[in-house]
Amino acid sequence: MLVPLRFQFEEFGREVDLLHRLARQFLAPSAERIFPRLIEVLRQVRTGGRRDEVRWEVFEREPLRTVETNRYEPGTRRGGLDVFGEVSWCWGIRPVPCKKGNPTEFNVSGNASAKLRIRTIRDDPPDGIAMWRVEFGAADSPGCYFHTQILGEKEQPPFPHALSVPRLPSLFVTPMAAVEFLLGELFQDQWEQHIVGDQGDRPFWNGIQQQRLQNLLRWKQQQLDGCQGSPWMALKKAKPLQADGLFLSRMR
């Protein structure tokens with residue numbers, strides 16, 4: 001039975017805060033408004049006594065935006081276009097009640113989708129030159145539970161809305177991981193050099209991401225162990241169970 005994925009407020013909030021601090025030089029000034037709002041919503045959900053679902057989101061009309069770059073080629077090469085990236089997302093989250101005190105964990109109980117775009121400086125066409133979504137699947141959806149879809153929001157091809165496939169396997173779960181993926185693509189050498197090392201916040205950020213990836217890869221491996229029939233179909237049809245506890249790492 002498909003169950004909501006669960007995260008810890010403290011660790012998740014720190015992941016948001018670390019991304020803000022680590023990625024600041026790669027992000028447009030509007031990020032200074034977005035990150036405090038995200039952290040405040042998490043705080044309100046945790047301490048406000050709410051039990052209903054809350055939309056934790058970065059609005060598409062005000063996305064998290066990178067600075068302009070042509071450094072999406074490695075080494076001394078430069079890309080042929082000056083571009084910038086945008087990320088917006090919406091997660092439906094609900095605190096997990098506890099007997100005493102404020103909740104320490106929340107479920108992703110509703111929509112879980114992050115949209116990534118690449119635009120040119122001239123922004124022609126208006127929708128940008130690339131768009132894909134990183135999402136969780138529903139119980140009755142085709143393809144992998146953790147997946148990426150290309151376009152898929154308009155009626156016209158390519159990838160029209162009526163075509164719900166392909167859903168490409170994804171290693172990126174949280175919106176913050178999706179943002180790092182985009183930064184690593186648009187700033188090939190710069191982000192790699194920036195995030196390496198043991199100074200400041202880097203060890204904890206890298207530790208969180210390492211743990212999340214290890215948990216996800218371990219879960220994927222478990223779906224293949226002893227499977228009957230096609231290993232790909234076993235992985236494609238797998239849905240996380242409550243017992244998996246995928247993202248409750250309790251790192252310190």
# chains A, B, ... in the order shown; residues from 1 in each chain; ligands from 1
call {"tool": "residues_around", "arguments": {"residues": "A:Ala112", "least_positions_apart": "3", "cutoff": "6 Å", "atoms": "only C-alpha atoms", "output": "list in words"}}
result
Cys90, Trp91, Glu135 and Phe136 of chain A
call {"tool": "residues_around", "arguments": {"residues": "A:Ala177", "least_positions_apart": "5", "cutoff": "10 Å", "atoms": "only C-alpha atoms", "output": "ChimeraX atom specification"}}
result
/A:15-16,19,171-172,182-183,208-209,212-213
call {"tool": "closest_residue", "arguments": {"among": "A:Phe181, A:Trp56, A:Phe12, A:Trp205", "to": "A:Glu105", "atoms": "only C-alpha atoms"}}
result
A:Phe12
call {"tool": "residues_around", "arguments": {"residues": "A:Pro231", "least_positions_apart": "6", "cutoff": "12 Å", "atoms": "only C-alpha atoms", "output": "NGL selection string"}}
result
:A and (220-225 or 237-238)
call {"tool": "write_last_selection", "arguments": {"atoms": "N, CA and C atoms", "output": "mmCIF file, in the first residue's frame"}}
result
data_model
loop_
_atom_site.group_PDB
_atom_site.id
_atom_site.type_symbol
_atom_site.label_atom_id
_atom_site.label_comp_id
_atom_site.auth_asym_id
_atom_site.auth_seq_id
_atom_site.Cartn_x
_atom_site.Cartn_y
_atom_site.Cartn_z
ATOM 1 N N LYS A 220 15.945 1.201 -3.977
ATOM 2 C CA LYS A 220 15.856 0.704 -5.349
ATOM 3 C C LYS A 220 16.504 -0.673 -5.466
ATOM 4 N N GLN A 221 17.644 -0.845 -4.811
ATOM 5 C CA GLN A 221 18.321 -2.139 -4.854
ATOM 6 C C GLN A 221 17.460 -3.222 -4.235
ATOM 7 N N GLN A 222 16.777 -2.899 -3.151
ATOM 8 C CA GLN A 222 15.912 -3.871 -2.489
ATOM 9 C C GLN A 222 14.783 -4.334 -3.404
ATOM 10 N N GLN A 223 14.313 -3.461 -4.279
ATOM 11 C CA GLN A 223 13.246 -3.852 -5.204
ATOM 12 C C GLN A 223 13.741 -4.853 -6.235
ATOM 13 N N LEU A 224 15.053 -4.821 -6.509
ATOM 14 C CA LEU A 224 15.625 -5.723 -7.509
ATOM 15 C C LEU A 224 16.036 -7.057 -6.918
ATOM 16 N N ASP A 225 16.365 -7.056 -5.632
ATOM 17 C CA ASP A 225 16.828 -8.292 -5.000
ATOM 18 C C ASP A 225 15.707 -9.336 -4.984
ATOM 19 N N LYS A 237 7.377 -0.495 -10.948
ATOM 20 C CA LYS A 237 6.110 -0.629 -10.247
ATOM 21 C C LYS A 237 6.234 -0.467 -8.725
ATOM 22 N N ALA A 238 7.453 -0.352 -8.213
ATOM 23 C CA ALA A 238 7.650 -0.288 -6.766
ATOM 24 C C ALA A 238 7.132 1.033 -6.196
#
call {"tool": "select_by_dssp", "arguments": {"residues": "stretch 3-250 of chain A", "states": "helix (DSSP H, G or I)", "output": "compact mmCIF listing (two decimals) with N, CA and C atoms, in the first residue's frame"}}
result
# COMPACT_ATOMS: atom_id res chain seq x y z
N PHE A 9 11.02 17.75 10.47
CA PHE A 9 11.00 19.21 10.36
C PHE A 9 12.39 19.80 10.52
N GLU A 10 13.09 19.40 11.56
CA GLU A 10 14.38 20.02 11.87
C GLU A 10 15.39 19.84 10.74
N GLU A 11 15.54 18.60 10.29
CA GLU A 11 16.50 18.33 9.23
C GLU A 11 16.09 18.99 7.92
N PHE A 12 14.81 18.90 7.60
CA PHE A 12 14.31 19.47 6.35
C PHE A 12 14.49 20.99 6.34
N GLY A 13 14.15 21.64 7.47
CA GLY A 13 14.33 23.08 7.56
C GLY A 13 15.78 23.48 7.43
N ARG A 14 16.66 22.68 8.01
CA ARG A 14 18.08 23.00 7.89
C ARG A 14 18.56 22.83 6.46
N GLU A 15 18.02 21.85 5.77
CA GLU A 15 18.36 21.67 4.36
C GLU A 15 17.99 22.90 3.54
N VAL A 16 16.82 23.46 3.81
CA VAL A 16 16.40 24.69 3.11
C VAL A 16 17.35 25.84 3.43
N ASP A 17 17.65 26.02 4.70
CA ASP A 17 18.51 27.12 5.12
C ASP A 17 19.91 26.98 4.55
N LEU A 18 20.44 25.76 4.53
CA LEU A 18 21.79 25.56 3.99
C LEU A 18 21.85 25.87 2.50
N LEU A 19 20.82 25.44 1.76
CA LEU A 19 20.81 25.76 0.33
C LEU A 19 20.83 27.26 0.12
N HIS A 20 20.05 27.98 0.90
CA HIS A 20 20.02 29.44 0.80
C HIS A 20 21.42 30.02 0.98
N ARG A 21 22.11 29.59 2.00
CA ARG A 21 23.42 30.17 2.29
C ARG A 21 24.48 29.72 1.29
N LEU A 22 24.45 28.45 0.91
CA LEU A 22 25.48 27.93 0.03
C LEU A 22 25.32 28.42 -1.41
N ALA A 23 24.08 28.60 -1.84
CA ALA A 23 23.84 28.92 -3.26
C ALA A 23 23.65 30.40 -3.51
N ARG A 24 23.79 31.23 -2.51
CA ARG A 24 23.44 32.65 -2.62
C ARG A 24 24.08 33.33 -3.83
N GLN A 25 25.35 33.09 -4.08
CA GLN A 25 26.05 33.77 -5.17
C GLN A 25 25.57 33.32 -6.55
N PHE A 26 24.86 32.18 -6.60
CA PHE A 26 24.37 31.67 -7.88
C PHE A 26 22.91 32.05 -8.13
N ALA A 31 15.77 35.62 -4.32
CA ALA A 31 15.87 34.47 -3.42
C ALA A 31 15.87 34.90 -1.96
N GLU A 32 16.29 36.13 -1.69
CA GLU A 32 16.34 36.61 -0.31
C GLU A 32 14.94 36.76 0.27
N ARG A 33 13.93 36.84 -0.55
CA ARG A 33 12.55 36.87 -0.06
C ARG A 33 11.95 35.47 0.03
N ILE A 34 12.40 34.60 -0.86
CA ILE A 34 11.77 33.29 -0.97
C ILE A 34 12.14 32.37 0.18
N PHE A 35 13.42 32.27 0.50
CA PHE A 35 13.85 31.30 1.51
C PHE A 35 13.29 31.59 2.90
N PRO A 36 13.30 32.84 3.37
CA PRO A 36 12.69 33.08 4.69
C PRO A 36 11.21 32.69 4.74
N ARG A 37 10.50 32.89 3.63
CA ARG A 37 9.09 32.50 3.60
C ARG A 37 8.93 30.99 3.70
N LEU A 38 9.79 30.25 3.02
CA LEU A 38 9.72 28.79 3.08
C LEU A 38 9.96 28.29 4.50
N ILE A 39 10.95 28.85 5.15
CA ILE A 39 11.27 28.42 6.51
C ILE A 39 10.16 28.81 7.48
N GLU A 40 9.55 29.97 7.28
CA GLU A 40 8.47 30.41 8.15
C GLU A 40 7.24 29.52 8.01
N VAL A 41 6.94 29.09 6.81
CA VAL A 41 5.79 28.20 6.62
C VAL A 41 6.04 26.88 7.35
N LEU A 42 7.25 26.34 7.25
CA LEU A 42 7.56 25.12 7.98
C LEU A 42 7.39 25.32 9.49
N ARG A 43 7.83 26.47 9.98
CA ARG A 43 7.70 26.75 11.41
C ARG A 43 6.24 26.82 11.82
N GLN A 44 5.41 27.49 11.01
CA GLN A 44 4.00 27.60 11.32
C GLN A 44 3.30 26.25 11.31
N VAL A 45 3.65 25.41 10.34
CA VAL A 45 3.05 24.08 10.27
C VAL A 45 3.41 23.27 11.51
N ARG A 46 4.64 23.43 11.98
CA ARG A 46 5.11 22.65 13.12
C ARG A 46 4.55 23.15 14.45
N THR A 47 4.44 24.45 14.61
CA THR A 47 4.09 25.01 15.93
C THR A 47 2.69 25.58 16.01
N PRO A 175 12.81 19.36 -3.26
CA PRO A 175 13.05 20.50 -4.15
C PRO A 175 14.47 21.03 -4.04
N MET A 176 15.07 20.94 -2.85
CA MET A 176 16.43 21.44 -2.68
C MET A 176 17.42 20.63 -3.51
N ALA A 177 17.21 19.30 -3.58
CA ALA A 177 18.06 18.47 -4.41
C ALA A 177 17.88 18.81 -5.88
N ALA A 178 16.64 19.11 -6.28
CA ALA A 178 16.38 19.51 -7.67
C ALA A 178 17.08 20.81 -8.00
N VAL A 179 17.10 21.75 -7.04
CA VAL A 179 17.80 23.01 -7.26
C VAL A 179 19.30 22.75 -7.43
N GLU A 180 19.87 21.88 -6.58
CA GLU A 180 21.30 21.61 -6.74
C GLU A 180 21.59 20.97 -8.09
N PHE A 181 20.72 20.09 -8.55
CA PHE A 181 20.90 19.51 -9.88
C PHE A 181 20.97 20.60 -10.93
N LEU A 182 20.07 21.56 -10.87
CA LEU A 182 20.06 22.64 -11.85
C LEU A 182 21.33 23.47 -11.75
N LEU A 183 21.77 23.77 -10.54
CA LEU A 183 23.00 24.54 -10.38
C LEU A 183 24.20 23.79 -10.94
N GLY A 184 24.23 22.48 -10.73
CA GLY A 184 25.33 21.69 -11.25
C GLY A 184 25.34 21.61 -12.77
N GLU A 185 24.17 21.77 -13.39
CA GLU A 185 24.08 21.77 -14.84
C GLU A 185 24.44 23.13 -15.44
N LEU A 186 23.92 24.19 -14.86
CA LEU A 186 24.13 25.52 -15.43
C LEU A 186 25.50 26.11 -15.09
N GLN A 188 28.68 24.33 -14.44
CA GLN A 188 29.34 23.02 -14.40
C GLN A 188 30.52 22.97 -13.44
N ASP A 189 31.54 23.77 -13.67
CA ASP A 189 32.74 23.73 -12.84
C ASP A 189 32.57 24.59 -11.60
N GLN A 190 31.86 25.70 -11.72
CA GLN A 190 31.75 26.64 -10.61
C GLN A 190 31.06 26.01 -9.41
N TRP A 191 29.92 25.33 -9.62
CA TRP A 191 29.21 24.73 -8.49
C TRP A 191 30.01 23.58 -7.89
N GLU A 192 30.63 22.77 -8.72
CA GLU A 192 31.44 21.66 -8.21
C GLU A 192 32.56 22.17 -7.31
N GLN A 193 33.23 23.21 -7.73
CA GLN A 193 34.32 23.77 -6.94
C GLN A 193 33.79 24.45 -5.67
N HIS A 194 32.62 25.05 -5.79
CA HIS A 194 32.06 25.78 -4.66
C HIS A 194 31.60 24.86 -3.54
N ILE A 195 31.07 23.70 -3.88
CA ILE A 195 30.43 22.85 -2.88
C ILE A 195 31.39 21.86 -2.25
N ARG A 202 29.16 23.22 4.32
CA ARG A 202 29.27 22.20 3.27
C ARG A 202 29.17 20.77 3.80
N PRO A 203 29.86 20.43 4.91
CA PRO A 203 29.76 19.03 5.36
C PRO A 203 28.34 18.59 5.68
N PHE A 204 27.55 19.45 6.33
CA PHE A 204 26.20 19.03 6.67
C PHE A 204 25.33 18.93 5.42
N TRP A 205 25.45 19.91 4.52
CA TRP A 205 24.68 19.84 3.27
C TRP A 205 25.01 18.56 2.50
N ASN A 206 26.31 18.33 2.29
CA ASN A 206 26.71 17.15 1.54
C ASN A 206 26.31 15.87 2.26
N GLY A 207 26.33 15.90 3.60
CA GLY A 207 25.93 14.73 4.37
C GLY A 207 24.45 14.42 4.20
N ILE A 208 23.60 15.45 4.24
CA ILE A 208 22.16 15.24 4.02
C ILE A 208 21.91 14.64 2.64
N GLN A 209 22.53 15.24 1.63
CA GLN A 209 22.29 14.75 0.27
C GLN A 209 22.83 13.34 0.08
N GLN A 210 23.99 13.06 0.69
CA GLN A 210 24.53 11.71 0.61
C GLN A 210 23.59 10.69 1.25
N GLN A 211 23.07 11.03 2.42
CA GLN A 211 22.17 10.10 3.11
C GLN A 211 20.89 9.88 2.32
N ARG A 212 20.33 10.94 1.76
CA ARG A 212 19.10 10.79 0.98
C ARG A 212 19.35 9.90 -0.24
N LEU A 213 20.45 10.13 -0.94
CA LEU A 213 20.76 9.33 -2.12
C LEU A 213 21.03 7.87 -1.74
N GLN A 214 21.76 7.66 -0.65
CA GLN A 214 22.03 6.30 -0.21
C GLN A 214 20.74 5.57 0.13
N ASN A 215 19.85 6.26 0.85
CA ASN A 215 18.57 5.64 1.21
C ASN A 215 17.77 5.27 -0.02
N LEU A 216 17.73 6.20 -0.99
CA LEU A 216 16.95 5.95 -2.20
C LEU A 216 17.56 4.83 -3.04
N LEU A 217 18.88 4.84 -3.20
CA LEU A 217 19.53 3.79 -3.97
C LEU A 217 19.40 2.43 -3.29
N ARG A 218 19.48 2.42 -1.96
CA ARG A 218 19.32 1.17 -1.22
C ARG A 218 17.90 0.62 -1.41
N TRP A 219 16.92 1.52 -1.37
CA TRP A 219 15.53 1.11 -1.59
C TRP A 219 15.35 0.55 -2.99
N LYS A 220 15.95 1.20 -3.98
CA LYS A 220 15.86 0.70 -5.35
C LYS A 220 16.50 -0.67 -5.47
N GLN A 221 17.64 -0.84 -4.81
CA GLN A 221 18.32 -2.14 -4.85
C GLN A 221 17.46 -3.22 -4.24
N GLN A 222 16.78 -2.90 -3.15
CA GLN A 222 15.91 -3.87 -2.49
C GLN A 222 14.78 -4.33 -3.40
N GLN A 223 14.31 -3.46 -4.28
CA GLN A 223 13.25 -3.85 -5.20
C GLN A 223 13.74 -4.85 -6.24
N LEU A 224 15.05 -4.82 -6.51
CA LEU A 224 15.63 -5.72 -7.51
C LEU A 224 16.04 -7.06 -6.92
N PRO A 231 13.54 -7.12 -14.10
CA PRO A 231 13.97 -6.24 -13.02
C PRO A 231 13.50 -4.80 -13.25
N TRP A 232 13.48 -4.37 -14.50
CA TRP A 232 13.03 -3.01 -14.76
C TRP A 232 11.58 -2.83 -14.35
N MET A 233 10.73 -3.81 -14.67
CA MET A 233 9.33 -3.69 -14.31
C MET A 233 9.14 -3.72 -12.79
N ALA A 234 9.99 -4.48 -12.09
CA ALA A 234 9.93 -4.51 -10.63
C ALA A 234 10.24 -3.13 -10.06
N LEU A 235 11.25 -2.49 -10.62
CA LEU A 235 11.62 -1.15 -10.14
C LEU A 235 10.57 -0.12 -10.53
N LYS A 236 10.06 -0.25 -11.72
CA LYS A 236 9.07 0.70 -12.23
C LYS A 236 7.79 0.68 -11.40
N LYS A 237 7.38 -0.50 -10.95
CA LYS A 237 6.11 -0.63 -10.25
C LYS A 237 6.23 -0.47 -8.72
N GLN A 242 5.48 2.32 4.41
CA GLN A 242 5.76 3.02 5.66
C GLN A 242 6.99 2.43 6.35
N ALA A 243 7.13 1.13 6.26
CA ALA A 243 8.24 0.47 6.94
C ALA A 243 9.59 0.85 6.33
N ASP A 244 9.59 1.36 5.11
CA ASP A 244 10.85 1.71 4.48
C ASP A 244 11.53 2.88 5.19
call {"tool": "residues_around", "arguments": {"residues": "A:Arg122", "least_positions_apart": "2", "cutoff": "12 Å", "atoms": "only C-alpha atoms", "output": "PDB file with C-alpha atoms, in the first residue's frame"}}
result
ATOM      1  CA  GLU A  68      22.599  34.528 -15.863  1.00  0.00           C
ATOM      2  CA  LEU A  81      23.455  30.976 -25.125  1.00  0.00           C
ATOM      3  CA  ASP A  82      23.235  33.221 -22.093  1.00  0.00           C
ATOM      4  CA  VAL A  83      20.650  31.528 -19.897  1.00  0.00           C
ATOM      5  CA  PHE A  84      19.219  31.415 -16.408  1.00  0.00           C
ATOM      6  CA  ILE A 118      15.851  27.170 -18.506  1.00  0.00           C
ATOM      7  CA  ARG A 119      15.297  30.511 -20.183  1.00  0.00           C
ATOM      8  CA  THR A 120      17.326  32.729 -22.452  1.00  0.00           C
ATOM      9  CA  ASP A 124      11.894  33.640 -26.668  1.00  0.00           C
ATOM     10  CA  PRO A 125       9.672  31.626 -26.742  1.00  0.00           C
ATOM     11  CA  PRO A 126       7.871  32.931 -23.634  1.00  0.00           C
ATOM     12  CA  ASP A 127       7.857  29.493 -21.973  1.00  0.00           C
ATOM     13  CA  GLY A 128      11.626  29.235 -22.181  1.00  0.00           C
ATOM     14  CA  ILE A 129      13.820  26.760 -24.032  1.00  0.00           C
TER      15      ILE A 129
END
call {"tool": "atom_distance", "arguments": {"atom1": "atom CA of A:Arg51", "atom2": "atom CA of A:Gly92"}}
result
12.2 Å
call {"tool": "residues_around", "arguments": {"residues": "A:Ser141", "least_positions_apart": "6", "cutoff": "10 Å", "atoms": "only C-alpha atoms", "output": "VMD selection string"}}
result
chain A and resid 164 to 165 167 237
call {"tool": "write_last_selection", "arguments": {"atoms": "C-alpha atoms", "output": "CSV table (one decimal), in the first residue's frame"}}
result
chain,number,residue,atom,x,y,z
A,164,SER,CA,1.4,10.7,-19.4
A,165,VAL,CA,4.7,8.9,-20.3
A,167,ARG,CA,8.3,9.1,-16.6
A,237,LYS,CA,6.1,-0.6,-10.2
call {"tool": "residues_around", "arguments": {"residues": "A:His161", "least_positions_apart": "6", "cutoff": "9 Å", "atoms": "only C-alpha atoms", "output": "short mmCIF file (atom, residue, chain, number, x, y, z; two decimals) with N, CA and C atoms, in the first residue's frame"}}
result
data_model
loop_
_atom_site.label_atom_id
_atom_site.label_comp_id
_atom_site.auth_asym_id
_atom_site.auth_seq_id
_atom_site.Cartn_x
_atom_site.Cartn_y
_atom_site.Cartn_z
N LEU A 151 8.10 18.54 -20.06
CA LEU A 151 6.93 19.32 -20.50
C LEU A 151 5.66 18.68 -19.95
N GLY A 152 4.66 18.42 -20.83
CA GLY A 152 3.48 17.69 -20.40
C GLY A 152 2.34 18.54 -19.86
N GLU A 153 2.39 19.85 -20.05
CA GLU A 153 1.33 20.71 -19.51
C GLU A 153 0.46 21.34 -20.58
N LYS A 154 0.84 21.20 -21.85
CA LYS A 154 0.08 21.79 -22.95
C LYS A 154 -0.51 20.69 -23.82
N GLU A 155 -1.48 21.05 -24.60
CA GLU A 155 -2.14 20.07 -25.47
C GLU A 155 -1.33 19.74 -26.70
#
call {"tool": "residues_around", "arguments": {"residues": "A:Glu62", "least_positions_apart": "2", "cutoff": "9 Å", "atoms": "only C-alpha atoms", "output": "ChimeraX atom specification"}}
result
/A:30,34,58-60,64-65,88
call {"tool": "select_by_dssp", "arguments": {"residues": "stretch 48-240 of chain A", "states": "strand (DSSP E)", "output": "MDAnalysis selection string"}}
result
chainID A and resid 54:58 64:65 83:95 105:120 130:136 146:150 168:169
call {"tool": "closest_residue", "arguments": {"among": "A:Pro157, A:Asp140, A:Asp201, A:Pro103", "to": "A:Lys239", "atoms": "only C-alpha atoms"}}
result
A:Asp140
call {"tool": "atom_distance", "arguments": {"atom1": "atom CA of A:Leu168", "atom2": "atom CA of A:Gln149"}}
result
6.4 Å
